[in-house]
$ cat my_file.cif   # mmCIF, C-alpha atoms and all ligand atoms
data_structure
#
loop_
_atom_site.label_atom_id
_atom_site.label_comp_id
_atom_site.auth_asym_id
_atom_site.auth_seq_id
_atom_site.Cartn_x
_atom_site.Cartn_y
_atom_site.Cartn_z
CA MET A 1 0.00 0.00 0.00
CA THR A 2 1.39 3.45 -0.91
CA GLU A 3 1.50 6.08 1.82
CA LYS A 4 -0.63 9.19 1.41
CA LYS A 5 1.42 12.18 0.25
CA PRO A 6 1.61 14.87 2.97
CA ARG A 7 -0.34 18.04 2.24
CA VAL A 8 2.10 20.96 2.20
CA GLY A 9 0.69 24.32 3.29
CA PHE A 10 2.18 27.73 2.58
CA THR A 11 1.52 31.20 3.91
CA THR A 12 3.27 34.55 3.69
CA GLY A 13 3.46 37.76 5.69
CA VAL A 14 5.67 40.35 7.29
CA PHE A 15 4.99 39.15 10.86
CA ASP A 16 6.64 42.20 12.44
CA LEU A 17 6.14 42.54 16.24
CA MET A 18 4.76 39.02 16.40
CA HIS A 19 1.34 39.06 18.09
CA ILE A 20 -1.64 36.83 18.90
CA GLY A 21 -3.30 37.44 15.49
CA HIS A 22 -0.23 35.95 13.81
CA LEU A 23 -0.24 32.94 16.13
CA ASN A 24 -3.98 32.33 15.61
CA LEU A 25 -3.49 32.37 11.85
CA LEU A 26 -0.47 30.03 11.88
CA GLU A 27 -2.13 27.53 14.23
CA ARG A 28 -5.20 27.47 12.01
CA CYS A 29 -2.99 26.91 8.95
CA ARG A 30 -1.20 24.00 10.60
CA GLU A 31 -4.50 22.33 11.54
CA ARG A 32 -5.32 22.20 7.83
CA CYS A 33 -2.09 20.69 6.45
CA ASP A 34 0.65 18.20 7.33
CA TYR A 35 3.66 20.46 6.81
CA LEU A 36 3.53 24.26 7.09
CA ILE A 37 5.98 26.55 5.32
CA VAL A 38 5.86 30.20 6.39
CA ALA A 39 7.44 32.75 4.06
CA ILE A 40 8.61 35.96 5.70
CA CYS A 41 8.56 39.06 3.48
CA ASP A 42 11.91 40.80 3.49
CA ASP A 43 12.71 44.28 4.83
CA GLU A 44 12.78 45.76 1.33
CA TYR A 45 9.13 44.73 0.75
CA LEU A 46 8.12 46.33 4.04
CA ARG A 47 9.83 49.62 3.14
CA LYS A 48 8.24 49.62 -0.29
CA TYR A 49 4.65 48.68 0.63
CA LYS A 50 4.19 49.75 4.22
CA HIS A 51 6.51 52.77 3.92
CA ARG A 52 8.23 52.15 7.21
CA GLU A 53 11.26 50.49 8.72
CA PRO A 54 10.72 47.07 10.29
CA VAL A 55 10.71 47.06 14.10
CA PHE A 56 12.26 43.58 13.95
CA PRO A 57 14.58 42.96 10.97
CA GLU A 58 13.96 40.05 8.58
CA ASP A 59 16.41 37.62 10.27
CA ASP A 60 14.80 38.15 13.69
CA ARG A 61 11.28 37.82 12.27
CA MET A 62 12.32 34.54 10.66
CA ARG A 63 13.76 33.18 13.90
CA LEU A 64 10.72 34.15 15.96
CA ILE A 65 8.20 32.59 13.56
CA GLY A 66 10.43 29.58 12.91
CA ALA A 67 10.54 28.80 16.64
CA LEU A 68 6.77 28.21 16.83
CA LYS A 69 5.74 24.56 17.10
CA CYS A 70 3.00 25.02 14.47
CA VAL A 71 5.64 26.04 11.88
CA ASP A 72 7.63 23.30 10.12
CA GLN A 73 9.79 25.51 7.91
CA VAL A 74 10.45 29.21 7.62
CA VAL A 75 11.81 30.86 4.47
CA GLN A 76 12.37 34.41 3.28
CA ILE A 77 10.80 35.85 0.13
CA ASN A 78 11.53 39.03 -1.80
CA THR A 79 9.15 41.62 -3.24
CA ALA A 80 8.71 39.83 -6.59
CA GLU A 81 7.81 36.57 -4.83
CA THR A 82 5.44 38.34 -2.45
CA GLU A 83 3.58 39.87 -5.38
CA ASP A 84 3.65 36.82 -7.69
CA LYS A 85 2.76 33.60 -5.87
CA MET A 86 3.67 31.53 -8.97
CA LEU A 87 7.31 32.26 -8.14
CA CYS A 88 6.66 30.78 -4.68
CA VAL A 89 5.08 27.64 -6.18
CA GLU A 90 8.21 27.08 -8.27
CA ARG A 91 10.43 27.39 -5.19
CA PHE A 92 8.35 25.62 -2.55
CA HIS A 93 5.94 23.16 -4.27
CA PHE A 94 2.99 23.51 -1.89
CA ASP A 95 -0.56 22.12 -2.18
CA VAL A 96 -2.49 24.85 -0.41
CA LEU A 97 -1.98 28.58 0.09
CA PHE A 98 -3.40 30.13 3.27
CA ALA A 99 -4.11 33.80 3.92
CA GLY A 100 -5.99 35.91 6.42
CA ASP A 101 -9.47 36.78 5.17
CA ASP A 102 -8.48 40.47 5.05
CA TRP A 103 -6.99 39.44 1.67
CA GLU A 104 -10.21 37.87 0.35
CA GLY A 105 -11.45 39.71 -2.74
CA SER A 106 -8.13 41.50 -3.33
CA GLU A 107 -6.76 41.86 -6.86
CA ARG A 108 -3.56 40.00 -5.93
CA PHE A 109 -5.50 36.93 -4.77
CA ARG A 110 -7.96 37.08 -7.67
CA ILE A 111 -5.02 36.72 -10.08
CA THR A 112 -3.42 34.03 -7.90
CA ALA A 113 -6.68 31.99 -7.89
CA GLU A 114 -6.73 32.06 -11.72
CA GLN A 115 -3.11 30.91 -11.87
CA PHE A 116 -3.55 28.16 -9.26
CA ALA A 117 -6.80 26.62 -10.57
CA PRO A 118 -5.20 24.63 -13.44
CA LEU A 119 -2.44 23.43 -11.07
CA GLY A 120 -4.95 22.13 -8.51
CA ILE A 121 -3.49 24.31 -5.73
CA ASP A 122 -6.11 25.41 -3.19
CA ILE A 123 -6.40 28.86 -1.64
CA VAL A 124 -7.93 28.95 1.83
CA PHE A 125 -8.79 32.17 3.67
CA LEU A 126 -8.76 31.98 7.47
CA PRO A 127 -10.39 34.37 9.94
CA TYR A 128 -8.42 37.54 10.63
CA THR A 129 -8.16 38.20 14.38
CA LYS A 130 -10.00 41.41 15.15
CA GLU A 131 -8.59 44.36 17.06
CA ILE A 132 -4.90 43.57 16.79
CA SER A 133 -2.27 44.25 14.15
CA THR A 134 1.33 45.40 14.01
CA THR A 135 0.11 48.84 12.95
CA GLN A 136 -2.26 49.04 15.92
CA ILE A 137 0.42 47.96 18.39
CA ARG A 138 2.79 50.63 17.05
CA ARG A 139 0.05 53.28 17.29
CA ARG A 140 -0.87 52.31 20.85
CA ILE A 141 2.73 52.42 22.03
CA LYS A 142 3.06 55.93 20.64
CA ALA A 143 -0.36 57.30 21.61
CA GLU A 144 -0.46 55.84 25.10
CA ASN A 145 3.22 56.34 25.77
CA LEU A 146 3.54 52.67 26.81
N1 LIG A 201 -3.23 38.37 10.43
C1 LIG A 201 -4.38 37.89 11.07
N2 LIG A 201 -4.94 38.60 12.11
C2 LIG A 201 -4.38 39.78 12.50
C3 LIG A 201 -3.23 40.27 11.87
C4 LIG A 201 -2.67 39.54 10.83
O1 LIG A 201 -4.90 36.83 10.72
N3 LIG A 201 -4.97 40.46 13.48
C5 LIG A 201 -2.67 37.60 9.33
C6 LIG A 201 -2.68 38.36 8.00
O2 LIG A 201 -3.92 38.16 7.34
C7 LIG A 201 -1.54 37.70 7.25
C8 LIG A 201 -0.54 37.33 8.37
O3 LIG A 201 -1.29 37.37 9.60
O4 LIG A 201 -1.98 36.51 6.61
C9 LIG A 201 0.64 38.27 8.44
O5 LIG A 201 0.12 39.57 8.53
P1 LIG A 201 0.98 40.90 8.63
O6 LIG A 201 0.58 41.85 7.57
O7 LIG A 201 2.41 40.57 8.76
O8 LIG A 201 0.47 41.43 10.08
P2 LIG A 201 -0.37 42.69 10.51
O9 LIG A 201 -0.43 42.65 12.00
O10 LIG A 201 -1.70 42.75 9.79
O11 LIG A 201 0.57 43.90 10.05
P3 LIG A 201 0.24 45.40 9.57
O12 LIG A 201 -0.52 46.09 10.66
O13 LIG A 201 1.61 46.01 9.33
O14 LIG A 201 -0.57 45.29 8.29
#
$ encode --input "my_file.cif" --output "structure tokens"
Amino acid sequence: MTEKKPRVGFTTGVFDLMHIGHLNLLERCRERCDYLIVAICDDEYLRKYKHREPVFPEDDRMRLIGALKCVDQVVQINTAETEDKMLCVERFHFDVLFAGDDWEGSERFRITAEQFAPLGIDIVFLPYTKEISTTQIRRRIKAENL
């Protein structure tokens, strides 16, 4: 009897100032696959798209996320790979892409769904944890002088 092939899951994000929303998402991802690869967006992507410096640099963000027991492998991706998930498929050969449902309906994921359909790669959106984000934490620290 042949063994069932493990289902490889993949998700991406900046994961700066790691918080409970990140952990909720990653635990939910891991419940839905056998091997979870988390791709950390590099500092250059953060500067370009969020127009700010990272609080924790890319190597630290990778170590923090990689130390979680729900994460099997952590990798770093550049801006091109963050924007074009086909480049990630070529590098990491996953079966399912996970994202927070704040991305549902976005142009980037609409294109990705079209590209993935013929390859049989699933896209699964998972509930975004309300009332916490890196941006909110940064704002609170400033506003409340924490
Ligand atoms: N995420 C989530 N719930 C949150 C915050 C993030 O599920 N409260 C998910 C996002 O949907 C994404 C991943 O965690 O799939 C990484 O998100 P990231 O953008 O790095 O974190 P944010 O806290 O949203 O950062 P920012 O405020 O800079 O946008």
$ residues_near_ligand --input "my_file.cif" --ligand "ligand LIG 201 (chain A)" --cutoff "6 Å" --atoms "all atoms listed in the file" --output "PyMOL selection string"
chain A and resi 13-16+21-22+25+99-100+102+128-130+132-135
$ closest_residue --input "my_file.cif" --among "A:Ala143, A:Cys88, A:Ile121, A:Tyr45" --to "Arg7 in chain A" --atoms "only C-alpha atoms"
A:Ile121
$ residues_around --input "my_file.cif" --residues "Val89 in chain A" --least-positions-apart "2" --cutoff "12 Å" --atoms "all atoms listed in the file" --output "VMD selection string"
chain A and resid 8 to 11 37 39 77 81 to 82 84 to 87 91 to 97 112 115 to 116 119 to 122
$ atom_distance --input "my_file.cif" --atom1 "CA of Cys41 in chain A" --atom2 "CA of Gln76 in chain A"
6.0 Å
$ atom_distance --input "my_file.cif" --atom1 "CA of Arg138 in chain A" --atom2 "CA of Leu126 in chain A"
23.9 Å
$ closest_residue --input "my_file.cif" --among "A:Glu27, A:Met18, A:Arg47, A:Tyr35" --to "Asp60 in chain A" --atoms "only C-alpha atoms"
A:Met18
$ residues_around --input "my_file.cif" --residues "Lys69 in chain A" --least-positions-apart "4" --cutoff "10 Å" --atoms "all atoms listed in the file" --output "ChimeraX atom specification"
/A:26-27,30,65
$ atom_distance --input "my_file.cif" --atom1 "CA of Val124 in chain A" --atom2 "CA of Glu104 in chain A"
9.3 Å
